[in-house]
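Only one structure is covered here, and it is reproduced in the block below.
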Amino acid sequence: MLKKRIISCLDIKDGRTVKGVNFIDIRDAGDPVELAKRYMQEGADELVFLDITATTEKRKTLVELVKKLAKEINIPFTVGGGINSVEDAKLVIEAGADKVSINSSAVKRPALITEIAAQFGNQCVVVAIDTKFDNNQWMVYVNGGKTPTQFKTIEWVKEAEKLGAGELLLTSMNNDGTKNGFALDITKEVSTSVNIPVIASGGAGEKAHFKDVFLQTKASAALAASIFHFNEITISKLKSYLKTENISVR
């Protein structure tokens, strides 16, 4: 069995790390470069860096911040927010990112997935999906979770894989920031519907939530933000705990 990954997410707004609940009530969580260094030292396997207002403000991702991060850390990191073209992806990858995350732009123009994969390889393309349980089904949302789409989540993840996505970042909007645990049902459904790695996101509040998502779904990684930002759980202690639960982590 492949070893599971623990990923820390840094949502960036105006150059600062922030965190919300259910995609609203945003509060400051610190300097992204300092946090990134801390997570690297604590044993994070990867980082995800999302410029959360880039799409809505039609602003390009903070390339300068990506360059600073690349100088300070030596673990893989993914950058997303406002990547609407191969050229946008190129800027971020040349600045030091290992992968790019696309969300709203991929839903609006699915060919973008194929274009970036053709240029940089499938392994560089993370399709992020914000999903919400609506009228008894999981649906895809865009624009930072503000806008519903007609896409059913399961249909969209299969399409994203077919178009060239190398990995999926699945965030349950219902669970995001609640600390009540990951959305195991949709994570299980998605991770058994595709043959590419799935990162579970949204809802981590305690160490047992990571155990649950790894034992009850085929997610290959689990991502969290606020519990790491505010020192509620350290990555090193989380990994030690998972090992005692016989879960193989990197």
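By convention in this document, the chains of the structure tokens carry letters A, B, ... by their order, each chain's residues are numbered from 1, and ligands are numbered from 1 in the order they are shown.
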Contacts of Gly80 of chain A within 8 Å, only C-alpha atoms, excl. fewer than 4 positions in-chain, as a list of chain:residue names
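Answer for this query is A:Val48, A:Phe49, A:Leu50, A:Asp51, A:Thr61, A:Val100, A:Ser101, A:Ile102.
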Could you save the residues just selected, with C-alpha atoms, as a CSV table (one decimal), in the first residue's frame?
chain,number,residue,atom,x,y,z
A,48,VAL,CA,-0.9,23.6,-0.9
A,49,PHE,CA,-0.9,27.4,-1.4
A,50,LEU,CA,-4.2,28.9,-2.5
A,51,ASP,CA,-4.7,32.5,-3.3
A,61,THR,CA,-1.5,34.4,-8.3
A,100,VAL,CA,-0.7,23.9,-10.1
A,101,SER,CA,-4.2,23.7,-8.8
A,102,ILE,CA,-7.1,24.7,-11.0
If we count only C-alpha atoms, what is near segment 82-95 of chain A at a cut-off of 12 Å, once residues fewer than 3 positions away on the same chain are taken out, given as a ChimeraX atom specification?
/A:49-71,76-79,98-121,124-128,142-144
Looking only at helix (DSSP H, G or I) from DSSP on the backbone, list the matching residues of segment 30-201 of chain A as a PyMOL selection string.
chain A and resi 32-42+63-72+86-94+104-108+111-120+122-124+153-163+184-193
Write out as a JSON list (two decimals) with C-alpha atoms, in the first residue's frame which residues come within 8 Å of segment 160-175 of chain A when counting only C-alpha atoms, dropping same-chain ones fewer than 4 positions away.
[["chain", "number", "residue", "atom", "x", "y", "z"],
["A", 22, "ASN", "CA", -17.68, 26.94, 5.53],
["A", 23, "PHE", "CA", -15.77, 29.31, 3.21],
["A", 110, "PRO", "CA", -12.26, 21.88, -19.17],
["A", 111, "ALA", "CA", -9.71, 21.88, -22.03],
["A", 113, "ILE", "CA", -6.70, 20.57, -17.81],
["A", 114, "THR", "CA", -5.48, 18.90, -21.02],
["A", 117, "ALA", "CA", -1.00, 18.41, -18.68],
["A", 122, "ASN", "CA", -0.25, 15.11, -15.69],
["A", 123, "GLN", "CA", 1.63, 14.99, -12.38],
["A", 124, "CYS", "CA", 1.68, 18.82, -12.35],
["A", 125, "VAL", "CA", -2.10, 19.21, -12.65],
["A", 126, "VAL", "CA", -4.21, 19.15, -9.50],
["A", 127, "VAL", "CA", -7.91, 19.68, -10.15],
["A", 128, "ALA", "CA", -9.46, 21.14, -7.01],
["A", 129, "ILE", "CA", -13.16, 20.52, -6.46],
["A", 130, "ASP", "CA", -15.30, 22.43, -3.97],
["A", 131, "THR", "CA", -18.32, 20.24, -3.38],
["A", 132, "LYS", "CA", -21.51, 20.83, -1.43],
["A", 133, "PHE", "CA", -24.32, 18.48, -0.47],
["A", 145, "GLY", "CA", -17.56, 28.27, -3.26],
["A", 156, "TRP", "CA", -16.94, 15.95, -12.87],
["A", 179, "LYS", "CA", -13.59, 20.32, 12.79],
["A", 180, "ASN", "CA", -16.26, 17.60, 12.77],
["A", 181, "GLY", "CA", -14.32, 15.30, 10.46],
["A", 182, "PHE", "CA", -13.90, 14.78, 6.73],
["A", 183, "ALA", "CA", -16.89, 14.04, 4.47],
["A", 187, "THR", "CA", -14.49, 11.08, -0.34],
["A", 194, "VAL", "CA", -11.01, 7.42, -10.23],
["A", 195, "ASN", "CA", -7.53, 5.91, -10.58],
["A", 196, "ILE", "CA", -5.59, 9.04, -9.62],
["A", 197, "PRO", "CA", -4.68, 10.20, -6.08],
["A", 198, "VAL", "CA", -7.39, 12.01, -4.11],
["A", 199, "ILE", "CA", -6.58, 14.52, -1.37],
["A", 200, "ALA", "CA", -9.33, 14.74, 1.27],
["A", 201, "SER", "CA", -9.97, 18.26, 2.52],
["A", 202, "GLY", "CA", -12.43, 20.01, 4.80],
["A", 203, "GLY", "CA", -13.34, 19.19, 8.38]]
For the strand (DSSP E or B) assignment from backbone DSSP, which residues of segment 115-144 of chain A qualify? Please present them as a CSV table (one decimal) with N, CA and C atoms, in the first residue's frame.
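Saved the output as result-v8.csv:
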chain,number,residue,atom,x,y,z
A,125,VAL,N,-0.7,18.6,-12.6
A,125,VAL,CA,-2.1,19.2,-12.7
A,125,VAL,C,-3.0,18.6,-11.5
A,126,VAL,N,-3.3,19.5,-10.6
A,126,VAL,CA,-4.2,19.1,-9.5
A,126,VAL,C,-5.5,19.8,-9.8
A,127,VAL,N,-6.6,19.1,-10.0
A,127,VAL,CA,-7.9,19.7,-10.2
A,127,VAL,C,-8.6,19.7,-8.8
A,128,ALA,N,-8.8,20.9,-8.3
A,128,ALA,CA,-9.5,21.1,-7.0
A,128,ALA,C,-11.0,21.2,-7.2
A,129,ILE,N,-11.7,20.6,-6.3
A,129,ILE,CA,-13.2,20.5,-6.5
A,129,ILE,C,-13.8,20.9,-5.1
A,130,ASP,N,-14.5,22.0,-5.2
A,130,ASP,CA,-15.3,22.4,-4.0
A,130,ASP,C,-16.7,21.8,-4.1
A,131,THR,N,-17.1,20.9,-3.2
A,131,THR,CA,-18.3,20.2,-3.4
A,131,THR,C,-19.2,20.5,-2.2
A,132,LYS,N,-20.5,20.5,-2.5
A,132,LYS,CA,-21.5,20.8,-1.4
A,132,LYS,C,-22.7,19.9,-1.6
A,133,PHE,N,-23.2,19.4,-0.4
A,133,PHE,CA,-24.3,18.5,-0.5
A,133,PHE,C,-25.6,19.3,-0.6
A,134,ASP,N,-26.2,19.2,-1.7
A,134,ASP,CA,-27.3,20.1,-2.1
A,134,ASP,C,-28.5,19.3,-2.6
A,137,GLN,N,-27.7,15.6,-3.2
A,137,GLN,CA,-26.6,15.2,-4.0
A,137,GLN,C,-25.4,16.1,-3.9
A,138,TRP,N,-24.2,15.6,-4.1
A,138,TRP,CA,-23.0,16.4,-4.0
A,138,TRP,C,-22.8,17.1,-5.4
A,139,MET,N,-22.8,18.4,-5.3
A,139,MET,CA,-22.6,19.3,-6.5
A,139,MET,C,-21.3,20.1,-6.4
A,140,VAL,N,-20.8,20.5,-7.6
A,140,VAL,CA,-19.6,21.3,-7.7
A,140,VAL,C,-19.9,22.8,-7.6
A,141,TYR,N,-19.1,23.5,-6.9
A,141,TYR,CA,-19.3,24.9,-6.8
A,141,TYR,C,-18.0,25.6,-7.3
A,142,VAL,N,-18.1,26.8,-7.8
A,142,VAL,CA,-16.9,27.6,-8.2
A,142,VAL,C,-16.9,29.0,-7.6
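Take the candidates A:Ile75, A:Ile186, A:Ile6, A:Ile154 and check each one against Ala204 of chain A using only C-alpha atoms; the shortest distance goes to A:Ile6.
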Please measure the separation of atom CA of Glu159 of chain A and atom CA of Val190 of chain A, giving the value in Å to one decimal.
11.8 Å
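The coordinates place atom CA of Ala219 of chain A at 20.4 Å from atom CA of Ile233 of chain A.
Of the residues under consideration (A:Lys4, A:Glu206, A:Leu215, A:Lys188), A:Glu206 shows the shortest atom-to-atom contact distance to Glu232 of chain A when counting only C-alpha atoms.
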Do a neighbour search on Met40 of chain A at 10 Å with only C-alpha atoms, toss out local chain neighbours closer than 3 positions, and write the hits as an NGL selection string.
:A and (8 or 35-37 or 43-47 or 72-76 or 235)
Find the distance between atom CA of Lys13 of chain A and atom CA of Gly177 of chain A and write it in Å to one decimal.
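Interatomic distance here is 16.7 Å.
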